[in-house]
>>> print(open('model.txt').read())   # compact mmCIF, N, CA and C atoms
# COMPACT_ATOMS: atom_id res chain seq x y z
N MET A 1 0.83 -1.17 0.00
CA MET A 1 0.00 0.00 0.00
C MET A 1 0.88 1.24 0.00
N GLU A 2 0.37 2.28 -0.59
CA GLU A 2 1.16 3.49 -0.74
C GLU A 2 1.34 4.25 0.57
N ASN A 3 0.33 4.23 1.44
CA ASN A 3 0.42 4.96 2.70
C ASN A 3 -0.03 4.05 3.85
N PRO A 4 0.90 3.22 4.36
CA PRO A 4 0.52 2.26 5.40
C PRO A 4 0.01 2.91 6.68
N TYR A 5 0.51 4.09 7.04
CA TYR A 5 0.05 4.74 8.28
C TYR A 5 -1.41 5.17 8.15
N ALA A 6 -1.78 5.76 7.02
CA ALA A 6 -3.17 6.18 6.82
C ALA A 6 -4.10 4.97 6.80
N THR A 7 -3.67 3.91 6.15
CA THR A 7 -4.49 2.70 6.08
C THR A 7 -4.65 2.07 7.46
N ALA A 8 -3.57 2.00 8.22
CA ALA A 8 -3.64 1.43 9.57
C ALA A 8 -4.55 2.26 10.47
N ARG A 9 -4.46 3.59 10.37
CA ARG A 9 -5.34 4.46 11.16
C ARG A 9 -6.81 4.21 10.81
N ARG A 10 -7.09 4.07 9.54
CA ARG A 10 -8.47 3.83 9.08
C ARG A 10 -8.98 2.50 9.61
N TRP A 11 -8.17 1.43 9.48
CA TRP A 11 -8.57 0.11 9.96
C TRP A 11 -8.71 0.11 11.48
N SER A 12 -7.84 0.85 12.16
CA SER A 12 -7.91 0.95 13.62
C SER A 12 -9.26 1.54 14.04
N ALA A 13 -9.68 2.59 13.35
CA ALA A 13 -10.96 3.22 13.66
C ALA A 13 -12.14 2.31 13.29
N LEU A 14 -12.06 1.67 12.14
CA LEU A 14 -13.16 0.80 11.69
C LEU A 14 -13.38 -0.39 12.61
N PHE A 15 -12.28 -1.01 13.05
CA PHE A 15 -12.38 -2.24 13.83
C PHE A 15 -12.12 -2.04 15.32
N ASP A 16 -11.94 -0.78 15.73
CA ASP A 16 -11.70 -0.45 17.14
C ASP A 16 -10.54 -1.26 17.71
N LEU A 17 -9.41 -1.24 16.99
CA LEU A 17 -8.21 -1.96 17.41
C LEU A 17 -7.10 -0.96 17.71
N PRO A 18 -6.30 -1.23 18.74
CA PRO A 18 -5.21 -0.31 19.06
C PRO A 18 -4.12 -0.35 18.00
N MET A 19 -3.62 0.83 17.64
CA MET A 19 -2.55 0.93 16.66
C MET A 19 -1.21 1.05 17.38
N THR A 20 -0.21 0.38 16.84
CA THR A 20 1.14 0.40 17.38
C THR A 20 2.12 0.31 16.21
N THR A 21 3.38 0.05 16.46
CA THR A 21 4.35 -0.19 15.39
C THR A 21 5.09 -1.50 15.66
N ARG A 22 5.46 -2.17 14.59
CA ARG A 22 6.26 -3.40 14.65
C ARG A 22 7.30 -3.29 13.55
N ALA A 23 8.56 -3.45 13.92
CA ALA A 23 9.66 -3.36 12.95
C ALA A 23 9.59 -2.06 12.15
N GLY A 24 9.17 -0.97 12.80
CA GLY A 24 9.11 0.33 12.15
C GLY A 24 7.91 0.55 11.26
N ASN A 25 6.98 -0.40 11.25
CA ASN A 25 5.78 -0.29 10.42
C ASN A 25 4.54 -0.21 11.30
N PRO A 26 3.50 0.49 10.83
CA PRO A 26 2.28 0.55 11.62
C PRO A 26 1.65 -0.84 11.72
N ALA A 27 1.03 -1.11 12.86
CA ALA A 27 0.40 -2.41 13.08
C ALA A 27 -0.80 -2.25 13.99
N LEU A 28 -1.73 -3.18 13.86
CA LEU A 28 -2.89 -3.24 14.75
C LEU A 28 -2.74 -4.46 15.62
N ARG A 29 -3.00 -4.29 16.89
CA ARG A 29 -2.90 -5.41 17.83
C ARG A 29 -4.25 -6.12 17.91
N ILE A 30 -4.21 -7.44 17.74
CA ILE A 30 -5.40 -8.28 17.83
C ILE A 30 -5.06 -9.40 18.81
N GLY A 31 -5.43 -9.20 20.07
CA GLY A 31 -5.04 -10.16 21.11
C GLY A 31 -3.54 -10.15 21.28
N ASP A 32 -2.92 -11.32 21.13
CA ASP A 32 -1.46 -11.40 21.23
C ASP A 32 -0.80 -11.42 19.86
N LYS A 33 -1.56 -11.10 18.80
CA LYS A 33 -1.06 -11.08 17.42
C LYS A 33 -1.11 -9.66 16.88
N TYR A 34 -0.43 -9.46 15.74
CA TYR A 34 -0.38 -8.15 15.11
C TYR A 34 -0.70 -8.25 13.63
N PHE A 35 -1.38 -7.25 13.12
CA PHE A 35 -1.66 -7.12 11.71
C PHE A 35 -0.83 -5.93 11.25
N GLN A 36 0.29 -6.21 10.56
CA GLN A 36 1.27 -5.18 10.21
C GLN A 36 1.04 -4.68 8.79
N PHE A 37 1.15 -3.37 8.60
CA PHE A 37 0.95 -2.73 7.31
C PHE A 37 2.31 -2.30 6.76
N ASN A 38 2.66 -2.79 5.58
CA ASN A 38 3.94 -2.45 4.95
C ASN A 38 3.70 -1.68 3.66
N GLN A 39 4.61 -0.78 3.35
CA GLN A 39 4.50 0.01 2.13
C GLN A 39 4.83 -0.86 0.92
N GLY A 40 4.11 -0.61 -0.18
CA GLY A 40 4.36 -1.33 -1.42
C GLY A 40 3.87 -0.49 -2.59
N ASN A 41 3.94 -1.07 -3.78
CA ASN A 41 3.57 -0.35 -5.00
C ASN A 41 2.08 -0.35 -5.27
N SER A 42 1.35 -1.29 -4.70
CA SER A 42 -0.08 -1.39 -4.93
C SER A 42 -0.84 -0.73 -3.79
N ASN A 43 -1.95 -0.10 -4.11
CA ASN A 43 -2.77 0.51 -3.07
C ASN A 43 -3.91 -0.44 -2.70
N ALA A 44 -3.51 -1.70 -2.47
CA ALA A 44 -4.47 -2.74 -2.12
C ALA A 44 -3.77 -3.78 -1.25
N LEU A 45 -4.55 -4.55 -0.54
CA LEU A 45 -4.03 -5.65 0.26
C LEU A 45 -3.65 -6.76 -0.71
N VAL A 46 -2.36 -7.12 -0.77
CA VAL A 46 -1.90 -8.12 -1.74
C VAL A 46 -1.29 -9.35 -1.10
N GLN A 47 -0.87 -9.27 0.17
CA GLN A 47 -0.24 -10.43 0.80
C GLN A 47 -0.49 -10.43 2.30
N LEU A 48 -0.76 -11.62 2.82
CA LEU A 48 -0.85 -11.84 4.26
C LEU A 48 0.24 -12.83 4.62
N ASP A 49 1.03 -12.51 5.64
CA ASP A 49 2.09 -13.39 6.13
C ASP A 49 1.66 -13.97 7.47
N PHE A 50 1.80 -15.27 7.61
CA PHE A 50 1.41 -15.97 8.83
C PHE A 50 2.62 -16.68 9.43
N LEU A 51 2.76 -16.59 10.74
CA LEU A 51 3.76 -17.39 11.46
C LEU A 51 3.07 -18.67 11.89
N THR A 52 3.68 -19.82 11.60
CA THR A 52 3.05 -21.10 11.92
C THR A 52 4.05 -22.08 12.51
N ASP A 53 3.55 -22.97 13.34
CA ASP A 53 4.36 -24.06 13.87
C ASP A 53 4.12 -25.34 13.08
N THR A 54 3.24 -25.31 12.10
CA THR A 54 2.91 -26.48 11.30
C THR A 54 3.96 -26.67 10.21
N ALA A 55 4.75 -27.73 10.33
CA ALA A 55 5.86 -27.98 9.41
C ALA A 55 5.40 -28.06 7.95
N ALA A 56 4.24 -28.63 7.71
CA ALA A 56 3.74 -28.79 6.34
C ALA A 56 3.42 -27.45 5.68
N LEU A 57 3.14 -26.42 6.47
CA LEU A 57 2.82 -25.11 5.92
C LEU A 57 4.02 -24.19 5.80
N LYS A 58 5.02 -24.36 6.66
CA LYS A 58 6.18 -23.46 6.65
C LYS A 58 6.83 -23.42 5.28
N GLY A 59 7.07 -22.20 4.81
CA GLY A 59 7.71 -22.00 3.51
C GLY A 59 6.75 -22.06 2.33
N GLN A 60 5.48 -22.29 2.59
CA GLN A 60 4.49 -22.39 1.52
C GLN A 60 3.85 -21.03 1.25
N THR A 61 3.49 -20.81 0.00
CA THR A 61 2.72 -19.63 -0.39
C THR A 61 1.53 -20.09 -1.22
N ILE A 62 0.37 -19.63 -0.85
CA ILE A 62 -0.86 -19.98 -1.55
C ILE A 62 -1.36 -18.73 -2.27
N LEU A 63 -1.65 -18.88 -3.56
CA LEU A 63 -2.18 -17.77 -4.35
C LEU A 63 -3.68 -17.96 -4.54
N VAL A 64 -4.44 -16.92 -4.23
CA VAL A 64 -5.88 -16.92 -4.45
C VAL A 64 -6.20 -15.63 -5.19
N GLY A 65 -6.55 -15.74 -6.45
CA GLY A 65 -6.73 -14.55 -7.27
C GLY A 65 -5.41 -13.79 -7.33
N GLU A 66 -5.42 -12.53 -6.95
CA GLU A 66 -4.20 -11.73 -6.92
C GLU A 66 -3.60 -11.65 -5.52
N GLY A 67 -4.18 -12.38 -4.57
CA GLY A 67 -3.70 -12.36 -3.19
C GLY A 67 -2.74 -13.50 -2.90
N ARG A 68 -1.76 -13.22 -2.03
CA ARG A 68 -0.78 -14.22 -1.62
C ARG A 68 -0.90 -14.44 -0.12
N TYR A 69 -0.85 -15.70 0.28
CA TYR A 69 -0.88 -16.09 1.68
C TYR A 69 0.41 -16.86 1.94
N ALA A 70 1.34 -16.24 2.65
CA ALA A 70 2.67 -16.83 2.87
C ALA A 70 2.79 -17.30 4.31
N PHE A 71 3.31 -18.52 4.47
CA PHE A 71 3.45 -19.12 5.80
C PHE A 71 4.93 -19.22 6.14
N HIS A 72 5.30 -18.72 7.32
CA HIS A 72 6.69 -18.69 7.77
C HIS A 72 6.83 -19.44 9.07
>>> encode(input="model.txt", output="structure tokens")
Amino acid sequence: MENPYATARRWSALFDLPMTTRAGNPALRIGDKYFQFNQGNSNALVQLDFLTDTAALKGQTILVGEGRYAFH
């Protein structure tokens, strides 16, 4: 997204979630997890990264339409 801070502020207001930063990027806290917003060339949500303990998923990327779901 072109302006991750503006997008994070908007999502924070829409979903009533606290805004913070992670690794220098804006993020929303959801329980003990974070939804981090990173700058990119597209002004749309294009990728979600998930941390997983499931060995079969680690290192996998699933494409759905133009969206990417990456498991680390």
>>> residues_around(input="model.txt", residues="stretch 22-28 of chain A", least_positions_apart="2", cutoff="7 Å", atoms="all atoms listed in the file", output="PDB file with N, CA and C atoms, keeping the file's coordinate frame")
ATOM      1  N   PRO A   4       0.900   3.220   4.360  1.00  0.00           N
ATOM      2  CA  PRO A   4       0.520   2.260   5.400  1.00  0.00           C
ATOM      3  C   PRO A   4       0.010   2.910   6.680  1.00  0.00           C
ATOM      4  N   TYR A   5       0.510   4.090   7.040  1.00  0.00           N
ATOM      5  CA  TYR A   5       0.050   4.740   8.280  1.00  0.00           C
ATOM      6  C   TYR A   5      -1.410   5.170   8.150  1.00  0.00           C
ATOM      7  N   ALA A   8      -3.570   2.000   8.220  1.00  0.00           N
ATOM      8  CA  ALA A   8      -3.640   1.430   9.570  1.00  0.00           C
ATOM      9  C   ALA A   8      -4.550   2.260  10.470  1.00  0.00           C
ATOM     10  N   SER A  12      -7.840   0.850  12.160  1.00  0.00           N
ATOM     11  CA  SER A  12      -7.910   0.950  13.620  1.00  0.00           C
ATOM     12  C   SER A  12      -9.260   1.540  14.040  1.00  0.00           C
ATOM     13  N   LEU A  17      -9.410  -1.240  16.990  1.00  0.00           N
ATOM     14  CA  LEU A  17      -8.210  -1.960  17.410  1.00  0.00           C
ATOM     15  C   LEU A  17      -7.100  -0.960  17.710  1.00  0.00           C
ATOM     16  N   PRO A  18      -6.300  -1.230  18.740  1.00  0.00           N
ATOM     17  CA  PRO A  18      -5.210  -0.310  19.060  1.00  0.00           C
ATOM     18  C   PRO A  18      -4.120  -0.350  18.000  1.00  0.00           C
ATOM     19  N   MET A  19      -3.620   0.830  17.640  1.00  0.00           N
ATOM     20  CA  MET A  19      -2.550   0.930  16.660  1.00  0.00           C
ATOM     21  C   MET A  19      -1.210   1.050  17.380  1.00  0.00           C
ATOM     22  N   THR A  20      -0.210   0.380  16.840  1.00  0.00           N
ATOM     23  CA  THR A  20       1.140   0.400  17.380  1.00  0.00           C
ATOM     24  C   THR A  20       2.120   0.310  16.210  1.00  0.00           C
ATOM     25  N   ILE A  30      -4.210  -7.440  17.740  1.00  0.00           N
ATOM     26  CA  ILE A  30      -5.400  -8.280  17.830  1.00  0.00           C
ATOM     27  C   ILE A  30      -5.060  -9.400  18.810  1.00  0.00           C
ATOM     28  N   LYS A  33      -1.560 -11.100  18.800  1.00  0.00           N
ATOM     29  CA  LYS A  33      -1.060 -11.080  17.420  1.00  0.00           C
ATOM     30  C   LYS A  33      -1.110  -9.660  16.880  1.00  0.00           C
ATOM     31  N   TYR A  34      -0.430  -9.460  15.740  1.00  0.00           N
ATOM     32  CA  TYR A  34      -0.380  -8.150  15.110  1.00  0.00           C
ATOM     33  C   TYR A  34      -0.700  -8.250  13.630  1.00  0.00           C
ATOM     34  N   PHE A  35      -1.380  -7.250  13.120  1.00  0.00           N
ATOM     35  CA  PHE A  35      -1.660  -7.120  11.710  1.00  0.00           C
ATOM     36  C   PHE A  35      -0.830  -5.930  11.250  1.00  0.00           C
ATOM     37  N   GLN A  36       0.290  -6.210  10.560  1.00  0.00           N
ATOM     38  CA  GLN A  36       1.270  -5.180  10.210  1.00  0.00           C
ATOM     39  C   GLN A  36       1.040  -4.680   8.790  1.00  0.00           C
ATOM     40  N   PHE A  37       1.150  -3.370   8.600  1.00  0.00           N
ATOM     41  CA  PHE A  37       0.950  -2.730   7.310  1.00  0.00           C
ATOM     42  C   PHE A  37       2.310  -2.300   6.760  1.00  0.00           C
ATOM     43  N   ASN A  38       2.660  -2.790   5.580  1.00  0.00           N
ATOM     44  CA  ASN A  38       3.940  -2.450   4.950  1.00  0.00           C
ATOM     45  C   ASN A  38       3.700  -1.680   3.660  1.00  0.00           C
TER      46      ASN A  38
END
>>> select_by_dssp(input="model.txt", residues="chain A", states="alpha helix (DSSP H)", output="list of chain:residue names")
A:Pro4, A:Tyr5, A:Ala6, A:Thr7, A:Ala8, A:Arg9, A:Arg10, A:Trp11, A:Ser12, A:Ala13, A:Leu14, A:Phe15
>>> residues_around(input="model.txt", residues="stretch 40-49 of chain A", least_positions_apart="5", cutoff="8 Å", atoms="all atoms listed in the file", output="PDB file with N, CA and C atoms, in the coordinates of the input")
ATOM      1  N   MET A   1       0.830  -1.170   0.000  1.00  0.00           N
ATOM      2  CA  MET A   1       0.000   0.000   0.000  1.00  0.00           C
ATOM      3  C   MET A   1       0.880   1.240   0.000  1.00  0.00           C
ATOM      4  N   GLU A   2       0.370   2.280  -0.590  1.00  0.00           N
ATOM      5  CA  GLU A   2       1.160   3.490  -0.740  1.00  0.00           C
ATOM      6  C   GLU A   2       1.340   4.250   0.570  1.00  0.00           C
ATOM      7  N   ASN A   3       0.330   4.230   1.440  1.00  0.00           N
ATOM      8  CA  ASN A   3       0.420   4.960   2.700  1.00  0.00           C
ATOM      9  C   ASN A   3      -0.030   4.050   3.850  1.00  0.00           C
ATOM     10  N   PRO A   4       0.900   3.220   4.360  1.00  0.00           N
ATOM     11  CA  PRO A   4       0.520   2.260   5.400  1.00  0.00           C
ATOM     12  C   PRO A   4       0.010   2.910   6.680  1.00  0.00           C
ATOM     13  N   GLU A  66      -5.420 -12.530  -6.950  1.00  0.00           N
ATOM     14  CA  GLU A  66      -4.200 -11.730  -6.920  1.00  0.00           C
ATOM     15  C   GLU A  66      -3.600 -11.650  -5.520  1.00  0.00           C
ATOM     16  N   GLY A  67      -4.180 -12.380  -4.570  1.00  0.00           N
ATOM     17  CA  GLY A  67      -3.700 -12.360  -3.190  1.00  0.00           C
ATOM     18  C   GLY A  67      -2.740 -13.500  -2.900  1.00  0.00           C
ATOM     19  N   ARG A  68      -1.760 -13.220  -2.030  1.00  0.00           N
ATOM     20  CA  ARG A  68      -0.780 -14.220  -1.620  1.00  0.00           C
ATOM     21  C   ARG A  68      -0.900 -14.440  -0.120  1.00  0.00           C
ATOM     22  N   TYR A  69      -0.850 -15.700   0.280  1.00  0.00           N
ATOM     23  CA  TYR A  69      -0.880 -16.090   1.680  1.00  0.00           C
ATOM     24  C   TYR A  69       0.410 -16.860   1.940  1.00  0.00           C
ATOM     25  N   ALA A  70       1.340 -16.240   2.650  1.00  0.00           N
ATOM     26  CA  ALA A  70       2.670 -16.830   2.870  1.00  0.00           C
ATOM     27  C   ALA A  70       2.790 -17.300   4.310  1.00  0.00           C
ATOM     28  N   PHE A  71       3.310 -18.520   4.470  1.00  0.00           N
ATOM     29  CA  PHE A  71       3.450 -19.120   5.800  1.00  0.00           C
ATOM     30  C   PHE A  71       4.930 -19.220   6.140  1.00  0.00           C
ATOM     31  N   HIS A  72       5.300 -18.720   7.320  1.00  0.00           N
ATOM     32  CA  HIS A  72       6.690 -18.690   7.770  1.00  0.00           C
ATOM     33  C   HIS A  72       6.830 -19.440   9.070  1.00  0.00           C
TER      34      HIS A  72
END
>>> atom_distance(input="model.txt", atom1="atom C of A:Gly65", atom2="atom CA of A:Gln39")
19.4 Å
>>> atom_distance(input="model.txt", atom1="atom CA of A:Phe50", atom2="atom CA of A:Thr7")
19.8 Å
>>> atom_distance(input="model.txt", atom1="atom N of A:Ala13", atom2="atom CA of A:Ile62")
28.4 Å
>>> decode(input="model.txt", residues="stretch 28-47 of chain A", atoms="N, CA and C atoms", output="tab-separated table (two decimals), in the first residue's frame")
chain	number	residue	atom	x	y	z
A	28	LEU	N	-1.73	-3.18	13.86
A	28	LEU	CA	-2.89	-3.24	14.75
A	28	LEU	C	-2.74	-4.46	15.62
A	29	ARG	N	-3.00	-4.29	16.89
A	29	ARG	CA	-2.90	-5.41	17.83
A	29	ARG	C	-4.25	-6.12	17.91
A	30	ILE	N	-4.21	-7.44	17.74
A	30	ILE	CA	-5.40	-8.28	17.83
A	30	ILE	C	-5.06	-9.40	18.81
A	31	GLY	N	-5.43	-9.20	20.07
A	31	GLY	CA	-5.04	-10.16	21.11
A	31	GLY	C	-3.54	-10.15	21.28
A	32	ASP	N	-2.92	-11.32	21.13
A	32	ASP	CA	-1.46	-11.40	21.23
A	32	ASP	C	-0.80	-11.42	19.86
A	33	LYS	N	-1.56	-11.10	18.80
A	33	LYS	CA	-1.06	-11.08	17.42
A	33	LYS	C	-1.11	-9.66	16.88
A	34	TYR	N	-0.43	-9.46	15.74
A	34	TYR	CA	-0.38	-8.15	15.11
A	34	TYR	C	-0.70	-8.25	13.63
A	35	PHE	N	-1.38	-7.25	13.12
A	35	PHE	CA	-1.66	-7.12	11.71
A	35	PHE	C	-0.83	-5.93	11.25
A	36	GLN	N	0.29	-6.21	10.56
A	36	GLN	CA	1.27	-5.18	10.21
A	36	GLN	C	1.04	-4.68	8.79
A	37	PHE	N	1.15	-3.37	8.60
A	37	PHE	CA	0.95	-2.73	7.31
A	37	PHE	C	2.31	-2.30	6.76
A	38	ASN	N	2.66	-2.79	5.58
A	38	ASN	CA	3.94	-2.45	4.95
A	38	ASN	C	3.70	-1.68	3.66
A	39	GLN	N	4.61	-0.78	3.35
A	39	GLN	CA	4.50	0.01	2.13
A	39	GLN	C	4.83	-0.86	0.92
A	40	GLY	N	4.11	-0.61	-0.18
A	40	GLY	CA	4.36	-1.33	-1.42
A	40	GLY	C	3.87	-0.49	-2.59
A	41	ASN	N	3.94	-1.07	-3.78
A	41	ASN	CA	3.57	-0.35	-5.00
A	41	ASN	C	2.08	-0.35	-5.27
A	42	SER	N	1.35	-1.29	-4.70
A	42	SER	CA	-0.08	-1.39	-4.93
A	42	SER	C	-0.84	-0.73	-3.79
A	43	ASN	N	-1.95	-0.10	-4.11
A	43	ASN	CA	-2.77	0.51	-3.07
A	43	ASN	C	-3.91	-0.44	-2.70
A	44	ALA	N	-3.51	-1.70	-2.47
A	44	ALA	CA	-4.47	-2.74	-2.12
A	44	ALA	C	-3.77	-3.78	-1.25
A	45	LEU	N	-4.55	-4.55	-0.54
A	45	LEU	CA	-4.03	-5.65	0.26
A	45	LEU	C	-3.65	-6.76	-0.71
A	46	VAL	N	-2.36	-7.12	-0.77
A	46	VAL	CA	-1.90	-8.12	-1.74
A	46	VAL	C	-1.29	-9.35	-1.10
A	47	GLN	N	-0.87	-9.27	0.17
A	47	GLN	CA	-0.24	-10.43	0.80
A	47	GLN	C	-0.49	-10.43	2.30
